[in-house]
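This is target_33.cif. It holds mmCIF, C-alpha atoms and all ligand atoms.
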data_upload
loop_
_atom_site.label_atom_id
_atom_site.label_comp_id
_atom_site.auth_asym_id
_atom_site.auth_seq_id
_atom_site.Cartn_x
_atom_site.Cartn_y
_atom_site.Cartn_z
CA MET A 17 22.33 22.68 12.64
CA SER A 18 21.05 21.78 9.21
CA TYR A 19 17.65 22.48 7.70
CA THR A 20 15.26 20.06 6.09
CA ILE A 21 14.31 20.96 2.55
CA ALA A 22 11.29 19.26 1.00
CA LEU A 23 11.60 19.09 -2.78
CA ASN A 24 8.15 18.58 -4.21
CA PHE A 25 8.37 17.54 -7.84
CA GLU A 26 5.68 18.19 -10.43
CA ASP A 27 4.66 14.52 -10.49
CA GLY A 28 3.85 14.64 -6.78
CA VAL A 29 7.00 12.88 -5.58
CA THR A 30 8.53 14.53 -2.54
CA ARG A 31 12.11 14.04 -1.42
CA PHE A 32 13.64 15.52 1.70
CA VAL A 33 17.26 16.65 1.85
CA ASP A 34 19.33 18.17 4.62
CA CYS A 35 20.90 21.54 3.89
CA LYS A 36 23.87 22.67 5.95
CA PRO A 37 24.17 26.24 7.25
CA GLY A 38 25.27 28.50 4.40
CA GLU A 39 24.76 25.76 1.83
CA LYS A 40 22.84 26.46 -1.36
CA VAL A 41 19.84 24.29 -2.11
CA LEU A 42 21.22 23.14 -5.46
CA ASP A 43 24.41 21.94 -3.75
CA ALA A 44 22.51 20.26 -0.91
CA ALA A 45 20.33 18.41 -3.40
CA PHE A 46 23.34 17.32 -5.43
CA ARG A 47 25.08 16.09 -2.26
CA ASN A 48 21.92 14.02 -1.67
CA LYS A 49 22.16 12.61 -5.21
CA ILE A 50 19.34 14.69 -6.63
CA ASN A 51 20.20 16.60 -9.79
CA LEU A 52 17.93 19.61 -9.76
CA PRO A 53 17.65 21.49 -13.07
CA MET A 54 20.65 23.74 -13.57
CA ASP A 55 22.87 25.14 -16.26
CA CYS A 56 25.20 27.84 -15.04
CA SER A 57 24.96 27.51 -11.22
CA ASP A 58 25.91 31.20 -11.16
CA GLY A 59 22.55 32.97 -11.10
CA VAL A 60 22.68 33.80 -14.80
CA CYS A 61 20.57 31.35 -16.81
CA GLY A 62 17.40 30.94 -14.72
CA THR A 63 17.27 27.18 -15.42
CA CYS A 64 17.13 26.35 -11.71
CA LYS A 65 14.04 28.48 -11.07
CA CYS A 66 11.62 26.91 -8.59
CA ARG A 67 8.95 28.14 -6.20
CA ALA A 68 9.52 28.39 -2.46
CA GLU A 69 6.24 27.32 -0.89
CA SER A 70 7.36 27.96 2.65
CA GLY A 71 10.37 28.76 4.76
CA ALA A 72 12.92 31.53 5.17
CA TYR A 73 15.94 31.97 2.95
CA ASP A 74 18.43 34.41 1.51
CA MET A 75 18.88 34.79 -2.23
CA GLY A 76 21.96 37.01 -1.96
CA ASP A 77 22.61 39.62 -4.64
CA GLU A 78 24.77 37.80 -7.12
CA TYR A 79 22.13 36.75 -9.62
CA ILE A 80 21.04 38.81 -12.58
CA GLU A 81 17.58 40.19 -13.38
CA ASP A 82 17.37 38.03 -16.52
CA ALA A 83 17.54 34.91 -14.34
CA LEU A 84 15.02 36.10 -11.75
CA THR A 85 13.10 39.36 -11.90
CA GLU A 86 12.16 41.40 -8.86
CA ASP A 87 8.50 40.53 -9.39
CA GLU A 88 9.29 36.82 -9.59
CA ALA A 89 11.31 37.00 -6.39
CA ALA A 90 8.43 38.85 -4.70
CA GLU A 91 6.08 36.04 -5.78
CA GLY A 92 8.28 33.43 -4.10
CA LEU A 93 10.23 32.18 -7.10
CA VAL A 94 13.80 31.30 -6.30
CA LEU A 95 17.00 30.21 -7.96
CA THR A 96 18.14 27.09 -6.16
CA CYS A 97 21.74 27.79 -7.17
CA GLN A 98 21.60 30.97 -5.09
CA MET A 99 19.09 30.13 -2.36
CA VAL A 100 20.53 29.70 1.14
CA PRO A 101 17.84 28.53 3.59
CA SER A 102 17.61 29.90 7.12
CA SER A 103 14.79 27.54 8.12
CA ASP A 104 13.18 24.35 6.89
CA CYS A 105 11.71 25.01 3.43
CA VAL A 106 9.31 23.46 0.96
CA ILE A 107 10.25 23.97 -2.68
CA ALA A 108 8.04 23.15 -5.65
CA VAL A 109 10.26 21.87 -8.46
CA PRO A 110 8.63 22.24 -11.91
CA VAL A 111 9.96 18.98 -13.37
CA THR A 112 9.52 15.29 -12.65
CA ALA A 113 11.51 13.45 -10.03
CA ALA A 114 12.84 11.05 -12.68
CA SER A 115 14.31 13.94 -14.66
CA CYS A 116 16.31 14.81 -11.54
CA LYS A 117 17.52 11.20 -11.26
CA THR A 118 15.47 10.49 -8.17
CA GLY A 119 12.16 8.83 -7.34
CA GLN A 120 9.96 7.46 -4.64
CA GLN A 121 11.29 6.13 -1.41
CA VAL A 122 10.15 2.75 -0.15
CA PHE A 123 10.03 1.95 3.54
CA ALA A 124 8.57 -0.73 5.76
CA ALA A 125 6.35 -0.54 8.80
CA THR A 126 4.46 -3.08 10.86
CA VAL A 127 0.84 -3.16 11.92
CA ALA A 128 0.53 -1.88 15.50
CA ARG A 129 -3.25 -1.37 15.77
CA ILE A 130 -6.35 -1.94 13.70
CA GLU A 131 -9.43 -0.21 15.08
CA PRO A 132 -12.67 -0.65 13.13
CA HIS A 133 -15.35 2.02 13.36
CA HIS A 134 -18.61 0.23 12.55
CA ASP A 135 -18.82 -0.48 8.84
CA ALA A 136 -17.54 3.00 8.03
CA ALA A 137 -13.80 3.14 8.52
CA VAL A 138 -10.73 1.59 10.09
CA VAL A 139 -7.99 3.38 11.96
CA LEU A 140 -4.72 1.73 10.99
CA GLU A 141 -1.65 2.45 13.05
CA LEU A 142 1.73 1.33 11.76
CA ALA A 143 5.01 1.33 13.64
CA VAL A 144 8.30 2.18 11.98
CA GLU A 145 10.66 -0.74 12.53
CA ASP A 146 13.39 -0.37 15.14
CA GLY A 147 16.51 1.15 13.69
CA ALA A 148 14.73 2.32 10.53
CA ALA A 149 14.52 6.01 9.72
CA VAL A 150 11.18 7.68 10.36
CA PRO A 151 9.76 8.67 6.98
CA SER A 152 9.47 12.40 6.34
CA PHE A 153 6.33 13.88 4.84
CA LEU A 154 4.42 17.13 4.79
CA PRO A 155 1.15 17.30 6.76
CA GLY A 156 -1.58 16.41 4.26
CA GLN A 157 0.49 14.11 2.04
CA TYR A 158 -0.18 10.45 1.31
CA VAL A 159 1.67 7.21 0.66
CA ASN A 160 0.97 4.11 -1.37
CA ILE A 161 0.56 1.10 0.88
CA GLY A 162 1.14 -2.26 -0.75
CA VAL A 163 -1.64 -4.73 0.02
CA PRO A 164 0.20 -7.95 0.95
CA GLY A 165 -0.23 -10.79 -1.48
CA SER A 166 -2.03 -8.73 -4.10
CA GLY A 167 0.80 -7.04 -5.98
CA ASP A 168 -1.35 -3.92 -5.81
CA HIS A 169 -1.48 -0.89 -3.55
CA ARG A 170 -3.89 1.68 -2.16
CA SER A 171 -3.13 5.28 -1.31
CA TYR A 172 -3.86 6.84 2.06
CA SER A 173 -3.13 10.18 3.64
CA PHE A 174 -1.24 10.23 6.91
CA SER A 175 -3.50 11.16 9.82
CA THR A 176 -0.59 11.62 12.20
CA ALA A 177 2.12 14.25 12.34
CA PRO A 178 5.47 13.97 10.55
CA GLY A 179 8.32 12.77 12.74
CA ASP A 180 6.33 10.24 14.79
CA ARG A 181 7.41 6.61 14.83
CA SER A 182 3.75 5.74 14.77
CA LEU A 183 2.06 6.30 11.40
CA GLY A 184 -1.72 6.69 11.40
CA PHE A 185 -4.24 6.26 8.59
CA LEU A 186 -8.00 6.48 8.38
CA ILE A 187 -9.24 3.95 5.85
CA LYS A 188 -12.75 3.79 4.44
CA LYS A 189 -14.28 0.34 4.71
CA ILE A 190 -15.28 -0.92 1.29
CA PRO A 191 -17.26 -4.18 1.01
CA ASP A 192 -14.92 -6.63 -0.77
CA GLY A 193 -12.38 -3.83 -1.12
CA LEU A 194 -8.78 -4.97 -1.48
CA MET A 195 -7.41 -3.24 1.61
CA SER A 196 -10.61 -3.65 3.63
CA THR A 197 -10.54 -7.40 3.04
CA TRP A 198 -6.90 -7.63 4.03
CA LEU A 199 -7.43 -5.51 7.15
CA ALA A 200 -10.30 -7.76 8.27
CA ARG A 201 -7.86 -10.64 8.75
CA ALA A 202 -4.61 -8.79 9.41
CA THR A 203 -2.89 -9.05 12.79
CA THR A 204 -0.42 -6.88 14.62
CA GLY A 205 3.17 -7.28 13.62
CA GLU A 206 2.47 -7.88 9.94
CA ARG A 207 4.76 -5.95 7.66
CA LEU A 208 3.65 -3.47 5.03
CA ASP A 209 5.65 -1.69 2.34
CA LEU A 210 4.97 2.00 1.87
CA THR A 211 6.01 4.14 -1.07
CA GLY A 212 6.08 7.90 -0.89
CA PRO A 213 5.35 10.44 0.40
CA MET A 214 3.43 12.07 -2.42
CA GLY A 215 1.04 14.83 -3.26
CA SER A 216 0.84 18.57 -3.40
CA PHE A 217 -2.03 18.70 -0.90
CA TYR A 218 -0.15 19.83 2.19
CA LEU A 219 -0.37 22.62 4.70
CA ARG A 220 1.39 25.81 3.70
CA ASP A 221 2.82 28.42 6.08
CA GLY A 222 0.87 31.61 6.56
CA ASP A 223 -1.22 33.71 8.90
CA ASN A 224 -4.57 33.67 7.10
CA PRO A 225 -7.53 31.96 8.72
CA LEU A 226 -7.85 28.35 7.61
CA LEU A 227 -11.03 26.70 6.40
CA PHE A 228 -10.71 22.90 6.33
CA LEU A 229 -13.42 20.98 4.45
CA ALA A 230 -13.35 17.22 4.93
CA GLY A 231 -15.60 14.63 3.33
CA GLY A 232 -15.69 11.16 4.95
CA THR A 233 -12.24 9.66 5.40
CA GLY A 234 -10.94 12.80 3.69
CA LEU A 235 -10.66 13.84 7.33
CA ALA A 236 -7.28 12.08 7.60
CA PRO A 237 -4.98 14.79 6.19
CA PHE A 238 -6.65 17.41 8.37
CA LEU A 239 -5.86 15.40 11.50
CA SER A 240 -2.21 15.52 10.48
CA MET A 241 -2.42 19.27 9.82
CA LEU A 242 -4.21 19.97 13.12
CA GLU A 243 -1.62 18.04 15.06
CA VAL A 244 1.20 19.97 13.41
CA LEU A 245 -0.55 23.28 14.08
CA ALA A 246 -1.22 22.33 17.71
CA ARG A 247 2.39 21.31 18.33
CA ALA A 248 3.54 24.61 16.82
CA GLY A 249 1.25 26.53 19.19
CA SER A 250 -0.60 28.06 16.25
CA ARG A 251 -3.01 30.88 16.98
CA ARG A 252 -4.48 30.88 13.46
CA HIS A 253 -8.23 30.89 13.17
CA ILE A 254 -9.18 27.43 11.95
CA HIS A 255 -12.62 26.11 11.15
CA LEU A 256 -13.14 22.48 10.12
CA ILE A 257 -16.33 21.25 8.50
CA TYR A 258 -16.51 17.48 8.50
CA GLY A 259 -19.26 16.12 6.28
CA VAL A 260 -20.38 12.49 6.01
CA THR A 261 -23.24 10.53 4.46
CA ARG A 262 -24.62 8.69 7.51
CA ASP A 263 -24.38 9.16 11.29
CA LEU A 264 -22.23 6.03 11.52
CA ASP A 265 -19.70 7.57 9.17
CA LEU A 266 -18.78 10.22 11.74
CA VAL A 267 -15.58 8.91 13.30
CA LEU A 268 -12.88 10.34 15.57
CA VAL A 269 -15.08 13.27 16.59
CA GLU A 270 -13.65 13.19 20.12
CA GLN A 271 -10.16 13.44 18.69
CA ILE A 272 -11.21 16.47 16.67
CA ALA A 273 -12.92 18.03 19.69
CA ALA A 274 -9.71 17.69 21.71
CA TYR A 275 -8.07 20.24 19.42
CA THR A 276 -10.41 22.92 20.74
CA GLY A 277 -8.36 22.67 23.93
CA ARG A 278 -4.99 22.79 22.17
CA LEU A 279 -5.68 25.34 19.45
CA PRO A 280 -7.14 28.56 20.92
CA ASN A 281 -8.88 29.60 17.71
CA PHE A 282 -10.13 26.25 16.46
CA THR A 283 -13.79 25.46 15.85
CA PHE A 284 -15.45 22.65 13.96
CA ALA A 285 -18.83 21.44 12.77
CA THR A 286 -20.00 18.01 11.71
CA VAL A 287 -22.61 17.62 8.97
CA VAL A 288 -24.61 14.52 8.01
CA ALA A 289 -26.24 14.24 4.59
CA ASP A 290 -28.77 11.51 5.43
CA PRO A 291 -32.25 13.16 5.59
CA ALA A 292 -33.30 10.55 8.16
CA SER A 293 -30.51 11.55 10.53
CA ASP A 294 -31.21 13.29 13.84
CA HIS A 295 -27.95 15.17 13.57
CA PRO A 296 -28.31 18.90 14.34
CA ARG A 297 -26.64 19.87 11.04
CA LYS A 298 -27.93 18.04 8.03
CA GLY A 299 -27.29 18.34 4.32
CA TRP A 300 -24.12 19.05 2.43
CA VAL A 301 -20.98 20.84 3.51
CA THR A 302 -21.85 23.70 1.17
CA GLN A 303 -25.02 24.37 3.19
CA HIS A 304 -22.94 25.01 6.30
CA MET A 305 -20.16 27.20 4.99
CA PRO A 306 -18.99 29.90 7.41
CA GLU A 307 -20.14 32.86 5.32
CA GLU A 308 -18.61 35.48 7.64
CA MET A 309 -15.22 33.81 7.42
CA LEU A 310 -15.40 33.64 3.63
CA ALA A 311 -16.83 37.15 3.21
CA ALA A 312 -13.88 38.59 5.13
CA GLY A 313 -11.61 37.28 2.34
CA GLU A 314 -7.97 36.34 2.87
CA VAL A 315 -8.87 32.84 3.92
CA ASP A 316 -6.91 29.72 2.96
CA VAL A 317 -9.21 26.87 1.98
CA TYR A 318 -8.18 23.21 2.06
CA LEU A 319 -10.63 20.63 0.74
CA CYS A 320 -10.37 16.84 0.71
CA GLY A 321 -13.14 14.40 -0.07
CA PRO A 322 -14.83 12.35 -2.78
CA PRO A 323 -15.09 13.95 -6.24
CA PRO A 324 -18.77 15.02 -5.99
CA MET A 325 -18.08 16.90 -2.78
CA VAL A 326 -14.96 18.55 -4.13
CA ASP A 327 -16.83 19.58 -7.28
CA ALA A 328 -19.76 20.89 -5.24
CA VAL A 329 -17.52 23.07 -3.10
CA ARG A 330 -15.66 24.43 -6.11
CA HIS A 331 -18.99 25.23 -7.75
CA TYR A 332 -20.19 26.92 -4.55
CA LEU A 333 -17.10 29.13 -4.37
CA ASP A 334 -17.40 30.04 -8.08
CA GLU A 335 -21.11 30.77 -7.92
CA ASN A 336 -20.69 33.00 -4.91
CA GLY A 337 -17.69 34.82 -6.36
CA ILE A 338 -15.49 33.66 -3.49
CA ARG A 339 -11.79 33.74 -4.28
CA PRO A 340 -9.84 32.34 -1.34
CA ALA A 341 -6.30 33.64 -0.89
CA CYS A 342 -5.16 30.02 -1.28
CA PHE A 343 -7.23 27.04 -2.37
CA HIS A 344 -5.88 23.52 -2.27
CA TYR A 345 -7.94 20.42 -2.87
CA GLU A 346 -7.58 16.69 -3.19
CA LYS A 347 -10.11 14.28 -4.64
CA PHE A 348 -10.13 10.64 -3.83
CA THR A 349 -12.08 7.61 -4.92
CA PRO A 350 -12.14 4.82 -2.38
CA ASN A 351 -11.73 1.94 -4.83
CA ALA A 352 -8.71 3.32 -6.55
CA PRO A 353 -5.53 5.03 -5.51
CA GLN A 354 -6.15 8.52 -4.31
CA LYS A 355 -5.72 11.19 -6.87
CA ALA A 356 -3.96 14.23 -5.54
CA THR A 357 -4.95 17.45 -7.22
CA ALA A 358 -3.97 20.59 -5.49
FE1 LIG B 1 21.66 29.15 -13.80
FE2 LIG B 1 20.75 28.85 -11.32
S1 LIG B 1 21.62 27.36 -12.61
S2 LIG B 1 20.63 30.60 -12.58
#
Give the structure from the file, written as structure tokens.
Amino acid sequence: MSYTIALNFEDGVTRFVDCKPGEKVLDAAFRNKINLPMDCSDGVCGTCKCRAESGAYDMGDEYIEDALTEDEAAEGLVLTCQMVPSSDCVIAVPVTAASCKTGQQVFAATVARIEPHHDAAVVLELAVEDGAAVPSFLPGQYVNIGVPGSGDHRSYSFSTAPGDRSLGFLIKKIPDGLMSTWLARATTGERLDLTGPMGSFYLRDGDNPLLFLAGGTGLAPFLSMLEVLARAGSRRHIHLIYGVTRDLDLVLVEQIAAYTGRLPNFTFATVVADPASDHPRKGWVTQHMPEEMLAAGEVDVYLCGPPPMVDAVRHYLDENGIRPACFHYEKFTPNAPQKATA
């Protein structure tokens, strides 16, 4: 049995390689035509130092302290020339993909379903073509989808779990928007080219309670994360706050609610900003933060939404002296490719 190693480069490109039992990550990457940074390959120089974001592994005892100190190892830094995985792992590589002679992967998928939700959003479901490999990604990551006939692309987070032949996206409807216009006349079976996956906004392993903060179609990556957590039988405490501008912008609430039956410690709240709304929770996400959860500390916060919301939440955390154990965020602007910042 081999393990899947996600190599997440500093420019957001992620490549997945298989690592055989007993094989070192550096060797597995090289076998997959990815030249990770290295000099000695003997645990002496430290050139291959990366950060293990998740997974189990053995570093052995053949490297020297100059290459990797005890403190660095305790923090999760690794030497890929010594690291032997014993599970799937995610490794942050502190150089660009191009410098390792690799880059984005391009794959094709066809339109299987287009489901508009009022004038707010569209659920787009793509099917991986028969015989083609299912693209790997980490829950929370995004791809660039080429808009046919435009020579341009838009970036969208997966809303489905890795490994499925069906790829889901939640796309904000933009009047005269490039993708929105194309989707309005697209039909099933049309082919799209996808490039990726990308982004450092993805779910990390851990036991801490999770606070998910979604703004508008920033809900998409959390749907992917929730599905992965549910399939893994997670018992983590998870609270999702899903904020939107208008009542009509609240989409897929039933899908979210279904996770309360699959995840024993999952709760969620929807929030509508429109003062004219009859929604029971009005205002901004920051007005509905679970103070008890945050006060207890040791909470991992994930935040995805438009820039003003992301900035407001960061300001809220700063002002209230809240320092989450982990804090990952992604801003996006609907008219331009998403900008991943985590
Ligand atoms: Fe020198 Fe790994 S390549 S320590």
Inset, instruction - Find the residues around A:Cys105 up to 6 Å (all atoms listed in the file counted), leave out those fewer than 2 positions away in its own chain, and share them as a VMD selection string. - result: chain A and resid 21 70 to 71
Could those selected residues go to a file with C-alpha atoms, as a short mmCIF file (atom, residue, chain, number, x, y, z; two decimals), keeping the file's coordinate frame?
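This went into result35.cif:
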data_model
loop_
_atom_site.label_atom_id
_atom_site.label_comp_id
_atom_site.auth_asym_id
_atom_site.auth_seq_id
_atom_site.Cartn_x
_atom_site.Cartn_y
_atom_site.Cartn_z
CA ILE A 21 14.31 20.96 2.55
CA SER A 70 7.36 27.96 2.65
CA GLY A 71 10.37 28.76 4.76
#
Give me the chain A side of the contact with ligand LIG 1 (chain B), cut-off 6 Å, one line per residue showing its nearest atom pair and distance in Å at one decimal, counting all atoms listed in the file, sorted by chain and residue number, as a Markdown table.
| residue | atom | partner | partner_atom | distance |
| --- | --- | --- | --- | --- |
| A:Met54 | CA | B:LIG1 | S1 | 3.9 |
| A:Asp55 | CA | B:LIG1 | S1 | 4.5 |
| A:Cys56 | CA | B:LIG1 | FE1 | 4.0 |
| A:Ser57 | CA | B:LIG1 | S1 | 3.6 |
| A:Asp58 | CA | B:LIG1 | FE1 | 5.4 |
| A:Gly59 | CA | B:LIG1 | S2 | 3.4 |
| A:Val60 | CA | B:LIG1 | S2 | 4.4 |
| A:Cys61 | CA | B:LIG1 | FE1 | 3.9 |
| A:Gly62 | CA | B:LIG1 | S2 | 3.9 |
| A:Thr63 | CA | B:LIG1 | FE1 | 5.1 |
| A:Cys64 | CA | B:LIG1 | FE2 | 4.4 |
| A:Ala83 | CA | B:LIG1 | S2 | 5.6 |
| A:Leu95 | CA | B:LIG1 | FE2 | 5.2 |
| A:Cys97 | CA | B:LIG1 | FE2 | 4.4 |
How close does each residue of stretch 264-338 of chain A get to stretch 187-196 of chain A, giving the shortest atom pair and distance in Å to one decimal for every residue with an atom at most 12 Å away, counting only C-alpha atoms, sorted by chain and residue number, as CSV?
residue,atom,partner,partner_atom,distance
A:Leu264,CA,A:Lys189,CA,11.9
A:Asp265,CA,A:Lys188,CA,9.2
A:Leu266,CA,A:Lys188,CA,11.4
A:Val267,CA,A:Lys188,CA,10.6
A:Gly321,CA,A:Lys188,CA,11.5
A:Pro322,CA,A:Lys188,CA,11.4
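Comparing the minimum interatomic distances between A:Gly156 and each of A:Gly222, A:Pro132, A:Pro237, A:Gly232, counting only C-alpha atoms, we find that A:Pro237 sits nearest.
Between atom CA of A:Ala114 and atom CA of A:Phe46 lies a distance of 14.2 Å.
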Inset, instruction - For A:Arg278, please output as a PyMOL selection string all residues within 10 Å (counting all atoms listed in the file; exclusion window: fewer than 6 positions along the same chain). - result: chain A and resi 242-243+245-247+249-251
Could you dump the residues just selected with C-alpha atoms as a CSV table (one decimal), in the frame of the given file?
chain,number,residue,atom,x,y,z
A,242,LEU,CA,-4.2,20.0,13.1
A,243,GLU,CA,-1.6,18.0,15.1
A,245,LEU,CA,-0.6,23.3,14.1
A,246,ALA,CA,-1.2,22.3,17.7
A,247,ARG,CA,2.4,21.3,18.3
A,249,GLY,CA,1.2,26.5,19.2
A,250,SER,CA,-0.6,28.1,16.2
A,251,ARG,CA,-3.0,30.9,17.0
Legend entry - Computed interatomic separation between atom CA of A:Asp263 and atom CA of A:Val301 (Å):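 Taking atom CA of A:Asp263 and atom CA of A:Val301, their separation equals 14.4 Å.
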Legend entry - Coordinates-based distance that separates atom CA of A:Ser18 from atom CA of A:Ala143 (Å, one decimal): 26.4 Å
Legend entry - Residue nearest A:Leu310 among A:Ala108, A:Ala72, A:Leu226, A:Ala149 (counting only C-alpha atoms):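 Ranking A:Ala108, A:Ala72, A:Leu226, A:Ala149 by distance to A:Leu310, first place goes to A:Leu226.
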Hey, could you make a per-residue contact list for stretch 31-104 of chain A against stretch 119-130 of chain A with 12 Å as the cut-off, showing the nearest pair of atoms and its distance in Å to one decimal, counting all atoms listed in the file, sorted by chain and number, as CSV?
residue,atom,partner,partner_atom,distance
A:Arg31,CA,A:Gln120,CA,7.6
A:Phe32,CA,A:Gln121,CA,10.2
A:Lys49,CA,A:Gly119,CA,10.9
A:Ile50,CA,A:Gly119,CA,9.3
A:Asn51,CA,A:Gly119,CA,11.4
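Among the candidate residues A:Val317, A:Leu279, A:Met99, A:Ile254, the one lying nearest to A:Arg330 is A:Val317, with distances computed using all atoms listed in the file.
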Legend entry - Exercise: A:Leu333 partners within 12 Å, only C-alpha atoms, chain neighbours under 3 positions left out, as number ranges by chain: A: 302-303, 305-307, 310-311, 313, 317, 319, 326-330, 336-340, 343
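For the point (6.5, 31.7, 1.0) in file coordinates, the residues within 10 Å, using only C-alpha atoms, are A:Arg67, A:Ala68, A:Glu69, A:Ser70, A:Gly71, A:Ala72, A:Tyr73, A:Ala90, A:Glu91, A:Gly92, A:Leu93, A:Cys105, A:Val106, A:Ile107, A:Arg220, A:Asp221, A:Gly222.
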Could you save those same residues with C-alpha atoms as a PDB file, in the coordinates of the input?
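Contents of the output file selection_13.pdb:
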ATOM      1  CA  ARG A  67       8.950  28.140  -6.200  1.00  0.00           C
ATOM      2  CA  ALA A  68       9.520  28.390  -2.460  1.00  0.00           C
ATOM      3  CA  GLU A  69       6.240  27.320  -0.890  1.00  0.00           C
ATOM      4  CA  SER A  70       7.360  27.960   2.650  1.00  0.00           C
ATOM      5  CA  GLY A  71      10.370  28.760   4.760  1.00  0.00           C
ATOM      6  CA  ALA A  72      12.920  31.530   5.170  1.00  0.00           C
ATOM      7  CA  TYR A  73      15.940  31.970   2.950  1.00  0.00           C
ATOM      8  CA  ALA A  90       8.430  38.850  -4.700  1.00  0.00           C
ATOM      9  CA  GLU A  91       6.080  36.040  -5.780  1.00  0.00           C
ATOM     10  CA  GLY A  92       8.280  33.430  -4.100  1.00  0.00           C
ATOM     11  CA  LEU A  93      10.230  32.180  -7.100  1.00  0.00           C
ATOM     12  CA  CYS A 105      11.710  25.010   3.430  1.00  0.00           C
ATOM     13  CA  VAL A 106       9.310  23.460   0.960  1.00  0.00           C
ATOM     14  CA  ILE A 107      10.250  23.970  -2.680  1.00  0.00           C
ATOM     15  CA  ARG A 220       1.390  25.810   3.700  1.00  0.00           C
ATOM     16  CA  ASP A 221       2.820  28.420   6.080  1.00  0.00           C
ATOM     17  CA  GLY A 222       0.870  31.610   6.560  1.00  0.00           C
TER      18      GLY A 222
END
Legend entry - Best match for closeness to A:Pro225 among A:Arg207, A:Arg252, A:His304, A:Lys347, counting all atoms listed in the file: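 Closest to A:Pro225, using all atoms listed in the file: A:Arg252.
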Inset, instruction - Compare A:Trp300, A:Trp198, A:Phe217, A:Phe238 by their minimum atom-to-atom distance to A:Gln271, counting all atoms listed in the file, and give me the closest one. - result: A:Phe238
Inset, instruction - Can you work out which one of A:Val163, A:Val287, A:Ala45, A:Ala236 has the shortest atom-to-atom distance to A:Val33, counting all atoms listed in the file? - result: A:Ala45
Kindly write N, CA, C and O atoms of stretch 299-310 of chain A from the structure just given to a file, as a tab-separated table (two decimals), in the first residue's frame.
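result39.tsv, written as the output of this step:
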chain	number	residue	atom	x	y	z
A	299	GLY	N	-27.50	40.99	10.75
A	299	GLY	CA	-26.26	41.72	10.98
A	299	GLY	C	-25.09	41.00	10.34
A	299	GLY	O	-25.23	40.32	9.32
A	300	TRP	N	-23.93	41.19	10.93
A	300	TRP	CA	-22.70	40.64	10.37
A	300	TRP	C	-22.28	39.40	11.15
A	300	TRP	O	-22.69	39.22	12.30
A	301	VAL	N	-21.47	38.61	10.53
A	301	VAL	CA	-20.96	37.40	11.17
A	301	VAL	C	-20.33	37.72	12.52
A	301	VAL	O	-20.49	36.98	13.50
A	302	THR	N	-19.63	38.84	12.57
A	302	THR	CA	-18.92	39.18	13.83
A	302	THR	C	-19.88	39.46	14.98
A	302	THR	O	-19.47	39.45	16.14
A	303	GLN	N	-21.15	39.72	14.67
A	303	GLN	CA	-22.13	39.96	15.74
A	303	GLN	C	-22.70	38.63	16.27
A	303	GLN	O	-23.50	38.65	17.20
A	304	HIS	N	-22.29	37.53	15.67
A	304	HIS	CA	-22.86	36.25	16.08
A	304	HIS	C	-21.75	35.23	16.36
A	304	HIS	O	-21.95	34.03	16.19
A	305	MET	N	-20.62	35.74	16.79
A	305	MET	CA	-19.50	34.83	17.05
A	305	MET	C	-19.79	34.03	18.33
A	305	MET	O	-20.34	34.56	19.29
A	306	PRO	N	-19.42	32.77	18.34
A	306	PRO	CA	-19.65	31.93	19.52
A	306	PRO	C	-18.62	32.25	20.61
A	306	PRO	O	-17.56	31.63	20.67
A	307	GLU	N	-18.95	33.23	21.44
A	307	GLU	CA	-17.94	33.73	22.39
A	307	GLU	C	-17.40	32.65	23.32
A	307	GLU	O	-16.22	32.63	23.64
A	308	GLU	N	-18.28	31.72	23.73
A	308	GLU	CA	-17.81	30.65	24.65
A	308	GLU	C	-16.77	29.78	23.96
A	308	GLU	O	-15.76	29.40	24.56
A	309	MET	N	-17.01	29.49	22.71
A	309	MET	CA	-16.08	28.64	21.96
A	309	MET	C	-14.73	29.35	21.82
A	309	MET	O	-13.67	28.74	21.99
A	310	LEU	N	-14.77	30.65	21.54
A	310	LEU	CA	-13.53	31.40	21.36
A	310	LEU	C	-12.83	31.64	22.69
A	310	LEU	O	-11.60	31.57	22.78
